Structure formats: C-alpha cells, structure tokens
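Visitor: Submitted below is the structure of interest, expressed as structure tokens.
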There are 2 protein chains.
Amino acid sequence: MKRASRQSIRIALAQINPTVGDLRGNADKVVAWIDKARRQAADLVVFPELCVTGYPPEDLLLKPRFVADNIAALKRIAVAARPTAVGAAREIVVGAARPTAAGAARDTAAVIGFVDKKADRIFNAAALVAAGRVKGIYHKAYLPNYGVFDEVRYFAAGEAFPVYGIGRTAFGVNICEDIWHLDGPAGIQAFRGARFIVNINASPYHIGKGLLREKILRRQARDNKIPVVYVNCVGGQDELVFDGQSFVVDEKGRVIARAKAFEEELLIVDLEVAASAKRPKTTLQAALQGAPQGTSQEKAGRRKSSVAPRLEEDAEVYAALVTGLRDYLAKNGFKKVVLGLSGGIDSSLVAAVASDAIGAQNVVGVAMPSVYSSQGSADDAMTLAVNLGIDFLTIPIQGIFDQYLKDFKEAFAGRQADVTEENLQARIRGNILMALSNKFGYLALNTGNKSEVSCGYCTLYGDMAGGFGVLKDVPKTLVYRLCGYKNRRDGRLTVPKSVFDKAPSAELRPGQKDADTLPPYEFLDRVLKLYVEQDKSFAQITGKGLAPDAVRRVIRMVDANEYKRRQAPPGIKITPRAFGKDRRMPITNRYRV
Amino acid sequence: MKRASRQSIRIALAQINPTVGDLRGNADKVVAWIDKARRQAADLVVFPELCVTGYPPEDLLLKPRFVADNIAALKRIAVAARPTAVGAAREIVVGAARPTAAGAARDTAAVIGFVDKKADRIFNAAALVAAGRVKGIYHKAYLPNYGVFDEVRYFAAGEAFPVYGIGRTAFGVNICEDIWHLDGPAGIQAFRGARFIVNINASPYHIGKGLLREKILRRQARDNKIPVVYVNCVGGQDELVFDGQSFVVDEKGRVIARAKAFEEELLIVDLEVAASAKRPKTTLQAALQGAPQGTSQEKAGRRKSSVAPRLEEDAEVYAALVTGLRDYLAKNGFKKVVLGLSGGIDSSLVAAVASDAIGAQNVVGVAMPSVYSSQGSADDAMTLAVNLGIDFLTIPIQGIFDQYLKDFKEAFAGRQADVTEENLQARIRGNILMALSNKFGYLALNTGNKSEVSCGYCTLYGDMAGGFGVLKDVPKTLVYRLCGYKNRRDGRLTVPKSVFDKAPSAELRPGQKDADTLPPYEFLDRVLKLYVEQDKSFAQITGKGLAPDAVRRVIRMVDANEYKRRQAPPGIKITPRAFGKDRRMPITNRYRV
C-alpha cells in the first residue's frame, strides 16, 4: 500500500452526559460539543447512542409526540451546528490548528444517536450530520432485550450496513450491541471497504465492564483488521450509571486512546487510515470541504492521543456510586440530602459518598437513638459526621415508640413482643427522615446494602424508606472495602476504626446482632453472588463446598422477600445483576429449592 | 364432501388456575384434569399456555434448573396420565359415555403448555401428549414483547407449523399471540390440511379483552374456514388476572361454546369436522386407540356445548378484583387481611371486594381517626363494617401525631405547618396497619385508586403502604360505579348512601377536599385515560375540548410522581395500561409538555 494513499483523520470522541427526556438540553450540549470539536479541527465528532433523548428513554418512546420532538431536535442540531451558524471566525486552539494544503476552513461532521421513525416503526439510530444536513442514517441491527434492556419493546431492527465517506476514506457506523456480535455489522462494513468503524454506545456500568468491552472490541478490530472508535456516555439515570471509558483500538487490537471513567471528555484521536480505493456513495462532504483529497497526511499539528489509566476496582465502584447519586439528585432537582446515621458501616459509606457527590455542606445526618442504641454507635455516628463535616441532628425515637405501644395496648393484648416492635422502631425512623425530607425538600437517602435487601433483612417503610438506594447493589463485604478505600484516599480514618470493628447490628432489641439472623457476610455474599447474579442451582452452590443448610436458608430468604424489593427505592447497579429491572422475579412464586 | 368423511371429535377445554413456580401442584392438577376429561370421554383435552410453570414465570426462566424441572414435570404428567396409570376401570359419567363401534376403551390426548429447551435456547411450547408419551412439540412463533409481556427476553421463536392427527383428522396447535396475526401459523396449518386449530393462552384481563379476543378469533376462523378452540387460564398472578372465557368458534366464525369468566371449568365441545384426505404424519394414536377410523360420527352421547353469557362491565371488573385479590392471598399463604376504613368510597370498595374474596370473617377494618376526621366518616366506616360483617377496630392517631410534633419542635422551629404534617398522619396510619399485619400475619391492603396514584395524590409509606393495591388500576369514577354494582347485587345499601354523596377528602387538614388539589374526577379520569393509557399528546387531549391549563396540570402531576409509583405495592391490572410493568417510565425524565 502506497504511503500517499493514507489519510490522517481527526476524530473527536464526545463522551457527554445527556439527560433522559431533556431534548432541548441534550441538543444544546451536542451543538456546543460539535463546536468544541471543530475548534480542535476534528474531521468527525462522535456522540453516544440516543444522546438526543438520553438513555434509556423507556416508555417515553411509546409517545409519538416524543419521537417527533426528538427528530425535530436532531434537525435543529444539524442546522445550529453549521459553521456559519456558530460564527464564521473560529477561534482555533493552539496546537490543534491544521491548515490544509489550500488553507481553506475544514468542517466537522458528526455522528449523533437519536430515534428514527419510518412509517409506524421506530429505530435506535445514528445520524450522520454534515454541512447543516442529515446525510445518512444507520439503524441498530442487534437490539438487546436482556438484563436491564428492553429494546425489542420499542425498536425495529435495522437491516442495512452502509459505509460512508469522509474525504476519500470509507467508514462504517454501528450501535452498541451491534459490535458485540463477531458476525455482525462491523465485518460487513469492513468487507464493503470501511477503513474504520465508529460504534456509539450507552453502555451501563458494572464492575469489570470496561475491560470486557475492550476485550470484545480488540477482537473485532483484529478479526476485521480495522480500527474501531468506541464512544460511550457518562452519568447516572435512575438505576443505571454510565462510565464512559470511551476508547479507540487500532487494526491490531491495541488500545491507542482512552477517555476517563465517569467524566465528560472530548477525546481527540488522529487516526491514520488508508484511503478507500473507490469513493463511497454517501460522503460527508463538509468534512474535508475545501481540502484537496489525499493530502491530509501532510497536515501539521498531529497529536498523540491520551490513554487514561484504568481505575482500580474499589475506586471504580466508589466513583460509580458518586456519579449515580450526584446525577439522580441533579437531574431530579435536589440540592440536599438527609440520611439516618446509625454509626454503622452502611450509613457511614452513604454519608461519605453523598459528601463526595454534592459536598458535605449539603448532607444532613440524623441520629435516631432508642434504648437499644449503644453509646458506641452514637459516638461513631457523631465522629463520622464531624470527620465528613456534614450537618448532624439527633431525634430520639423513644417517646414516639412508647406512644405507639400505649395505643396498641388493647389491640396487642396477650401478645408477646416480636418483630412487630422491631419494625415499628425502624418505621418511626423512616417517618422522621421523610418528614425532614418533606419539610426541607431534602432527598432521603436509603442506606440498605445488597446483602440485606437480598435476604429481606430490612423493614418496609422503615430502613427501606428513601428516594434513592445508594448501596442497593453493593454487598456488605464490598461496603467494608469501599469504606477502607475512602479512608485510604483521604489518608485518614474518616470512617472511624470502631465502625469497622464492631459486629453489625440493627439495634432493635437488646443485644441484637445481624449474625443472629444471617450467616457470616463473607459466606452470605458468596451465596448471593452465585444465586442472585449467576442463577446457580442449590446443587451447584453446595457443590462449591458451602454448607447445604445455610445455603438453603439464604435461598429461602431471597425467594420469600421479593415483595419487599418490589417496593424498594431505585438504586445504582454496579454488579452484573442488580435488583430492579435487571432481575424480574414474580412475587407469587412457589418454586422452591 | 361426503357425510361419511366427517368425524365428531370431543374436545375438553381445561380452563385451569395454575400457580407460578408450583411445578408439582400444576402437574398434579393437569393429571387430575386429564382424568376428568377422560371420564367425559374426550378425545383431546387442551390446557392453557405454560400451565406447567404458571404464567408469567418471568426471570425464573433464566434458571436452567427451573427449566429442567419443568421438563421433568411434563414427563411425569405424560406418564401419570396414562389410562393404566390412573386405573383401568374407568368411571364414565352418565350421558357422556360414547361407546365406539368396537366397544374398545378410547383414550384422551392432551395439549399442555410448558417450556421447551433445545441446545441453549428455550421456547414457549405446547406438548402433545398421548399414550404416556410426548408425541409432538410446537414452539410459539410470535413472542409478545409489549405491555406486560417480555417474551423475547426469554424465548426463541418457533419456525415450524406442523399439523397433528387425531384419528384421521388433522389439526394445528399454536400459542396465544400466534393467533393474533392473520398471516400467522393458523393459516399455514389450515393450508396444510388442519381441520381445526387449537390455540392455548395465558391472556391477561383488561376491560373488554374477551370481546376483542372473540373478534380476532372469529375473523381467523372465517378467513381460514376452520374452527378454532381457544383455551385461556384463570386466576391472579401478582399484577395480572386471567379471566378464562375460553371459547370455540366454528368455521363460519360463530361462537359455539364459551366457558365462564374467572372460574375454573372443563368445557366439553363435540366438534364435527371433516376427516383429512391424507393421514397426518404425527398422529396421537391414543386418541382413537382401538376405535375404527372414520366411524366416530356414529358415536352416541353427542352433547350441546354450553355458552356462558358475557358479564356486564361492572360485574366483570368486580369479579376481576375479587379473583386477583383472592389468588394473591391464597397463592402467597395469607388467610386474613387488614385495611384502613376511612368511611370513604375507596376503602369501602376494597372492604367489599375483600369480603367477597375471602369471607367477611377474614377481613379486619381499622378506623384511625384524627382531629380532622369528621363524625360522618367515622359513622360511615362503622356502618360499612357492620353491613359487611367484618371485624372493626378503632385506633386513634392523635396521641402519636402529637408526640411526633413535640419531638420535631426543635428541628421544625420557625417553619409553618405544611404537607409534612399531612403526610405524617398518613404515615402513622400506614405504620398502624403494618404493625397489625406484622403482629397477626394479616396482609395489609392498599386502597389507593388509579386517579390518586396517577397524580401522586397519596403519601409514600402512608396511604401507599400495603402488600397489595386492590384499586391501583381502578379510576375513581369506576370506584363509584363498582360500589353501585355491589349494592345492586346485594339488593341493599351495603355501601352507605352517604359514602357516595359526600365530597371526597383525605381529611388531613381542616376542611380539606380532594377538589382543592385535583380537578373534578370526571375530568381527571378522562385526561388520565388519554394520557396514561393512550399516550395522547397535550395537543391531542386539549383538542377534545378539555381545558388546557387543567390538562397541563394533570400531565405535570402524572410525570412528577413516577418516583412514588416506583415504590407502590403491586395491584390488579384491569385497564389496557396499568402502572407497573405495563408502563415503564423513567423517574429521571425532563420531557415536559
């Protein structure tokens, strides 16, 4: 292949944070970032999947008006992003300027995720926008309909795999799941002459997902001998958090650029690719407008791409929680949060995450002691609040609890105290948090972890109350690790040592310990991972040497408490399978191991 | 066509009530009902879709062990249902006996819905069972993935449309959604010589669904000139209730048999059909075992099928609520329920439905008055309880409420009373019901109606508490109608007249009326139907002459309260679109009209 037949194409990966339903806000952001990419002299700027609507728009997609508004938003983007529309005199970033041979202004084409409509069908689509117009539209072919995904509920599958041209170089565009299939669109597009592939995504985070994506994409790149540009969004959306980590692999499967995790970023990559033998039918004229063909390898200002390092696992999960919480609050209009501080490890972690997400000055911790609360717990709650610098408030529950008992005297006559009275205390605490939430407009944070929520070791409307469950998908053993990470990062014992050391307890009756009801958390979390996340059978789980009686008891607890989880607040998915729309179990279910 | 080439085939429609996950119980029931059908001398007995697993099994289907157990259950059914297995000497029901020409015992083949597995794919399947063996398996081709359905999440689609033989008559089997497609399996099977079609279902109820089904099926029958046997299940499963109403249409599209709504029934139909020109490849030998071919039209005991009358709308909805509640309780092991009785129309209806579902002796009504409760409301609650004959209990909330206010004094210093104090009262009531639930093992019933739940005119963990939302999908205007129906049916004012007459109020502050916050319910329910159930846009709704400001306000309330609905208890779907898995809206959503 002759050297002269290669082109250097500057691609900007626009790793943005859209908001579901915010068609105007998302469109404005896309226009602004096209402009940013243009100032970096990018030939092509690539936005995430469905960035016009935000992802996932869920049943908004069933509203014809919403789909029409999203198409109108795309058209507005195309027009507003024309170079003339944003001002003819461009401020060019120093070092990014790339005068062409002719010295003419180059323009930036864009790939933008939106919802397309043809007759009565809608498509998860990518628009190719250049010179103020939509030049081409690609329809996603592989529609995920597993896990948290319901795309077959909404979309028809695309069946065409065209290539587009940027100057004399052909490239293929496809969407998310499309690239996970080794016999999918990328191979067809490569066969049709594409010199690189652009793959746009809204790929939700779980632990290790970034590595998995790179593994798949590296294989695609090697198999098809073609570079792949992978663009993901960032930010939280209800149960999901998107981690970004957009990247580029070259034709040998090497990662040559990577954007940061959980942060917006415009990642610039100069991709040197062979010009196509034949000019593609649909060419984004604007991209090399005024530039002589085949000379782009002579451009000045070629840059080395940045490769953000991977986060280690605890840092990654912690960042996911911070992002998920911060965006749930910001996108739903909350400025402050309130949570119960028991002095335990769960509420300590939630307070820490909240402080990192929105600032300690916006976090209110409430101690709600009863006669069963230990002095140690009270001290730990206070110490944590001081260490974090959050507001701290104490409202004892004993007076209210006593009044309930008095008013139940007749109804409960002749009955022993039991879990009823324990739940009642938890519900009084839930009510206090909700009252503070109602009075001051704070969002009440739920502090239940995945181990508890799995086993139903929690009280409906009590410690299960709250608008958002920060730790809903975080197993207890990981809660400890994340508090350890927080302390390491802070370089001090923000979470007091005694919080780690004491035995977990709900403190709802004298001397109560979690271990009275639950197996040790190391054991529990191992069983839960196998049963909840991996659908392993009883025989498969005990086959790993785990005690059958304890395993059966855990499985029974998980199965019996689906009704509680159905009324749990949403929380951030960080594992391969979270509760919520990721796991859809019937409540009425007589299947038993 | 020669008269001698016709056969009379006796088909039993087994309209049963399976339970999700109860593989053993469902299998036992299927075996027992095959035996019942045999005693009625049926040639073929037809069971509903997925009757081995119950419908919908949801993510149980992701457990390989569950699928394996369901296949084992099917095999046990086949073996256990052999005539020899259930006793050689058959008791034949008088009038149903049909001695064959040769006088030999005839046997009964069965069509049974189960989950099939081939390699790593699973199918929504129908097994054809005869003589103790599975003779054929059909895979559902059209997988619904809209509304409450997620079948693409689990199943691969069938691609084969065989016909089977019963004696010399060919017939086709297909499943639910398959028959809704006019160019679907039924036409292919008719083309391949089927003389009748068997269509098995687990078709959830909504108002008017029965009529819709018959309309579609009558068209299928006419278009393909072929009788269709439609079998549906009955019973409640979480949010869904199955109404049965199984039926048979003849080749001219006339309904010639119909089973009752919401009740188990073995409906016997003698179908006279032409024998096929050519013997089908797969024949359920057992069906006409020992009987000479082609002589069945001479059989004695031919019966006229029964055609159950349709229920009028209010009766149908009321029966749906009774069934949905009764089964939620029975299938989850609850014997008694508790609910708050405010003296309002909603709690009156729930108490009536509960009494009809499980008997008044198993219903506990609790009045929880505050200083804002009117004497009229207290009287109405008491009168209703007496009329129904349910237990009645009064627990005032004022002492507890005062204690909360006292303990909040410092935290709320300088703040006016607002919705916080209203919610607090509602939450105290929620806690009282949950405490009674915990102490006595009652299920707490939620009494919120669809109009309130739509607008968020309800308190999380307060009046939204409870294990099951009986009226969650019942608009307020329909609540009134159903109470009227109950009184008409009882022939007396079970629900007191004053309950109908007084203005609806939450009674959480002095003189409060629903009308202070909400538009009139007639207006509200009209807007909600258009917006929630039909996805109409603001312009379309106001285009019907509805006041724009009020419409906008309603839409804003609906949109803003998704977070509350996410934590609502499950409730019975009775409209074309219920809240729950039928409507999947993001909480974080900036789309505004």
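Numbering starts fresh at 1 for the residues of each chain in the structure tokens, the chains themselves are lettered A, B, ... in the order given, and ligands are numbered from 1 as they appear.
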Please build the interface table for chain A against chain B with a cut-off of 7 Å, listing for each qualifying residue the nearest atom pair and the distance in Å to one decimal; count only C-alpha atoms, order rows by chain and increasing number, and write it as CSV.
Guide:
```
residue,atom,partner,partner_atom,distance
A:Val20,CA,B:Asn589,CA,5.2
A:Gly21,CA,B:Tyr591,CA,4.1
A:Asp22,CA,B:Arg590,CA,4.8
A:Pro57,CA,B:Pro586,CA,6.7
A:Glu58,CA,B:Met585,CA,5.7
A:Asp59,CA,B:Met585,CA,5.2
A:Leu60,CA,B:Met585,CA,6.6
A:Leu62,CA,B:Asp535,CA,6.9
A:Lys63,CA,B:Asp535,CA,5.3
A:Arg65,CA,B:Ser537,CA,6.2
A:Asn145,CA,B:Arg153,CA,5.3
A:Tyr146,CA,B:Arg153,CA,5.3
A:Val152,CA,B:Asn145,CA,6.8
A:Arg153,CA,B:Tyr146,CA,5.3
A:Gln237,CA,B:Thr588,CA,6.4
A:Asp238,CA,B:Thr588,CA,6.1
A:Lys331,CA,B:Thr588,CA,6.4
A:Asn332,CA,B:Thr588,CA,6.0
A:Ile395,CA,B:Asp407,CA,6.9
A:Gly399,CA,B:Gln403,CA,6.8
A:Ile400,CA,B:Gln403,CA,5.6
A:Gln403,CA,B:Ile400,CA,5.7
A:Tyr404,CA,B:Ile400,CA,6.3
A:Asp407,CA,B:Ile395,CA,6.9
A:Thr420,CA,B:Asn438,CA,5.2
A:Leu424,CA,B:Ala435,CA,6.8
A:Arg427,CA,B:Asn431,CA,6.9
A:Asn431,CA,B:Arg427,CA,6.9
A:Ala435,CA,B:Thr420,CA,5.6
A:Asn438,CA,B:Thr420,CA,5.2
A:Lys439,CA,B:Thr420,CA,5.6
A:Tyr461,CA,B:Tyr461,CA,5.4
A:Asp535,CA,B:Lys63,CA,5.2
A:Ser537,CA,B:Arg65,CA,6.2
A:Arg566,CA,B:Gln567,CA,7.0
A:Gln567,CA,B:Gln567,CA,4.2
A:Ala568,CA,B:Gln567,CA,5.9
A:Pro569,CA,B:Gln567,CA,6.2
A:Arg583,CA,B:Asp59,CA,6.6
A:Arg584,CA,B:Asp59,CA,5.3
A:Met585,CA,B:Asp59,CA,5.2
A:Pro586,CA,B:Glu58,CA,6.3
A:Ile587,CA,B:Asp238,CA,6.5
A:Thr588,CA,B:Asn332,CA,6.0
A:Asn589,CA,B:Gly21,CA,5.0
A:Arg590,CA,B:Gly21,CA,4.6
A:Tyr591,CA,B:Gly21,CA,4.1
```
Visitor: Within range 401-555 of chain B, find each residue whose DSSP state, derived from the backbone, is strand (DSSP E or B), and express the selection as a list of chain:residue names.
Guide: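 So, restricting range 401-555 of chain B to strand (DSSP E or B), we get B:Leu443, B:Ala444, B:Leu445, B:Asn446, B:Phe468, B:Gly469.
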Visitor: Counting only C-alpha atoms, what is within 12 Å of Arg553 in chain B, bar same-chain residues fewer than 5 positions away, as a ChimeraX atom specification?
Guide: /B:455,517-519,524,527-528,538,546-548,558-560,592-593
Visitor: Got a sec: who's within 7 Å of range 41-47 of chain B, counting only C-alpha atoms, leaving out chain neighbours fewer than 4 positions off, as a ChimeraX atom specification?
Guide: /B:9-15,34,37,51,96-98,107-113,200,231,287
Visitor: At a cut-off of 10 Å, using only C-alpha atoms, what residues contact Gly208 in chain B? Leave out same-chain residues fewer than 6 positions from it and give the result as a list of chain:residue names.
Guide: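 That gives B:Glu312, B:Glu313, B:Glu316, B:Val317, B:Ile574, B:Thr575, B:Pro576.
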Visitor: Have a look at CA of Gly511 in chain B and CA of Tyr457 in chain B and let me know their distance in Å, one decimal.
Guide: 16.7 Å
Visitor: For range 116-130 of chain A, please output as JSON, numbers by chain all residues within 8 Å (counting only C-alpha atoms; exclusion window: fewer than 4 positions along the same chain).
Guide: {"A": [49, 50, 67, 71, 78, 82, 108, 109, 110, 111, 112, 134, 135, 136, 137, 138, 139, 140, 154, 155, 156, 157, 158, 173, 174, 175, 284, 285, 286, 287]}
Visitor: Save the residues we just selected, C-alpha atoms, as a PDB file, in the first residue's frame?
Guide:
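Writing done, so here's selection-v4.pdb:
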```pdb
ATOM      1  CA  GLU A  49     -26.160   6.261  21.420  1.00  0.00           C
ATOM      2  CA  LEU A  50     -29.534   8.040  21.768  1.00  0.00           C
ATOM      3  CA  VAL A  67     -40.358  10.693  18.940  1.00  0.00           C
ATOM      4  CA  ILE A  71     -36.447  14.207  15.305  1.00  0.00           C
ATOM      5  CA  ALA A  78     -27.882  19.887  12.204  1.00  0.00           C
ATOM      6  CA  ARG A  82     -23.276  24.584  10.715  1.00  0.00           C
ATOM      7  CA  THR A 108     -16.545  18.822  11.313  1.00  0.00           C
ATOM      8  CA  ALA A 109     -19.074  16.103  10.571  1.00  0.00           C
ATOM      9  CA  ALA A 110     -20.944  14.438  13.433  1.00  0.00           C
ATOM     10  CA  VAL A 111     -22.380  11.058  14.323  1.00  0.00           C
ATOM     11  CA  ILE A 112     -25.359  11.563  16.644  1.00  0.00           C
ATOM     12  CA  VAL A 134     -28.531  14.815   7.843  1.00  0.00           C
ATOM     13  CA  LYS A 135     -26.541  12.935   5.205  1.00  0.00           C
ATOM     14  CA  GLY A 136     -27.198   9.409   6.335  1.00  0.00           C
ATOM     15  CA  ILE A 137     -28.952   7.358   8.976  1.00  0.00           C
ATOM     16  CA  TYR A 138     -27.904   3.987  10.364  1.00  0.00           C
ATOM     17  CA  HIS A 139     -30.379   1.733  12.203  1.00  0.00           C
ATOM     18  CA  LYS A 140     -29.171  -0.518  15.029  1.00  0.00           C
ATOM     19  CA  TYR A 154     -39.684  -0.327  21.191  1.00  0.00           C
ATOM     20  CA  PHE A 155     -37.447  -0.644  18.197  1.00  0.00           C
ATOM     21  CA  ALA A 156     -37.463  -2.415  14.867  1.00  0.00           C
ATOM     22  CA  ALA A 157     -34.100  -3.876  13.823  1.00  0.00           C
ATOM     23  CA  GLY A 158     -32.017  -2.277  11.084  1.00  0.00           C
ATOM     24  CA  VAL A 173     -21.150   3.333  11.809  1.00  0.00           C
ATOM     25  CA  ASN A 174     -22.960   0.952  14.106  1.00  0.00           C
ATOM     26  CA  ILE A 175     -24.517   0.994  17.535  1.00  0.00           C
ATOM     27  CA  LEU A 284     -19.846  13.767   4.383  1.00  0.00           C
ATOM     28  CA  GLN A 285     -18.723  16.488   2.002  1.00  0.00           C
ATOM     29  CA  ALA A 286     -18.345  19.032   4.693  1.00  0.00           C
ATOM     30  CA  ALA A 287     -15.713  17.041   6.482  1.00  0.00           C
TER      31      ALA A 287
END
```
Visitor: With a distance cut-off of 9 Å and only C-alpha atoms, select the neighbouring residues of Glu522 in chain B, excluding the residue or stretch itself and same-chain residues fewer than 4 positions from it, and output the selection as an mmCIF file with all heavy atoms, in the first residue's frame.
Guide:
```
data_model
loop_
_atom_site.group_PDB
_atom_site.id
_atom_site.type_symbol
_atom_site.label_atom_id
_atom_site.label_comp_id
_atom_site.auth_asym_id
_atom_site.auth_seq_id
_atom_site.Cartn_x
_atom_site.Cartn_y
_atom_site.Cartn_z
ATOM 1 N N LYS B 476 -61.125 6.582 39.838
ATOM 2 C CA LYS B 476 -62.084 6.952 40.889
ATOM 3 C C LYS B 476 -63.533 6.844 40.410
ATOM 4 O O LYS B 476 -64.397 6.369 41.147
ATOM 5 C CB LYS B 476 -61.794 8.393 41.340
ATOM 6 C CG LYS B 476 -62.626 8.866 42.527
ATOM 7 C CD LYS B 476 -62.061 8.399 43.840
ATOM 8 C CE LYS B 476 -62.756 9.054 45.025
ATOM 9 N NZ LYS B 476 -62.079 8.726 46.296
ATOM 10 N N THR B 477 -63.790 7.284 39.192
ATOM 11 C CA THR B 477 -65.182 7.241 38.710
ATOM 12 C C THR B 477 -65.674 5.796 38.636
ATOM 13 O O THR B 477 -66.845 5.518 38.897
ATOM 14 C CB THR B 477 -65.310 7.915 37.327
ATOM 15 O OG1 THR B 477 -64.258 7.419 36.479
ATOM 16 C CG2 THR B 477 -65.161 9.417 37.436
ATOM 17 N N ARG B 526 -60.896 11.338 32.525
ATOM 18 C CA ARG B 526 -60.882 11.436 31.060
ATOM 19 C C ARG B 526 -59.481 11.775 30.564
ATOM 20 O O ARG B 526 -58.973 11.171 29.619
ATOM 21 C CB ARG B 526 -61.863 12.541 30.625
ATOM 22 C CG ARG B 526 -62.807 12.065 29.545
ATOM 23 C CD ARG B 526 -63.767 13.159 29.124
ATOM 24 N NE ARG B 526 -63.656 13.371 27.677
ATOM 25 C CZ ARG B 526 -64.126 14.425 27.040
ATOM 26 N NH1 ARG B 526 -64.739 15.404 27.722
ATOM 27 N NH2 ARG B 526 -63.995 14.533 25.735
ATOM 28 N N VAL B 527 -58.841 12.736 31.241
ATOM 29 C CA VAL B 527 -57.475 13.119 30.852
ATOM 30 C C VAL B 527 -56.512 11.946 31.066
ATOM 31 O O VAL B 527 -55.669 11.645 30.216
ATOM 32 C CB VAL B 527 -56.991 14.351 31.656
ATOM 33 C CG1 VAL B 527 -55.539 14.671 31.328
ATOM 34 C CG2 VAL B 527 -57.888 15.554 31.379
#
```
Visitor: Using backbone DSSP assignments, extract all alpha helix (DSSP H) residues from range 81-307 of chain B; output them as a list in words.
Guide: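 In range 81-307 of chain B, DSSP puts these residues in alpha helix (DSSP H): Glu151, Val152, Arg153, Tyr154, Pro185, Ala186, Gly187, Ile188, Gln189, Ala190, Phe191, Lys209, Gly210, Leu211, Leu212, Arg213, Glu214, Lys215, Ile216, Leu217, Arg218, Arg219, Gln220, Ala221, Arg222, Asp223 and Asn224 of chain B.
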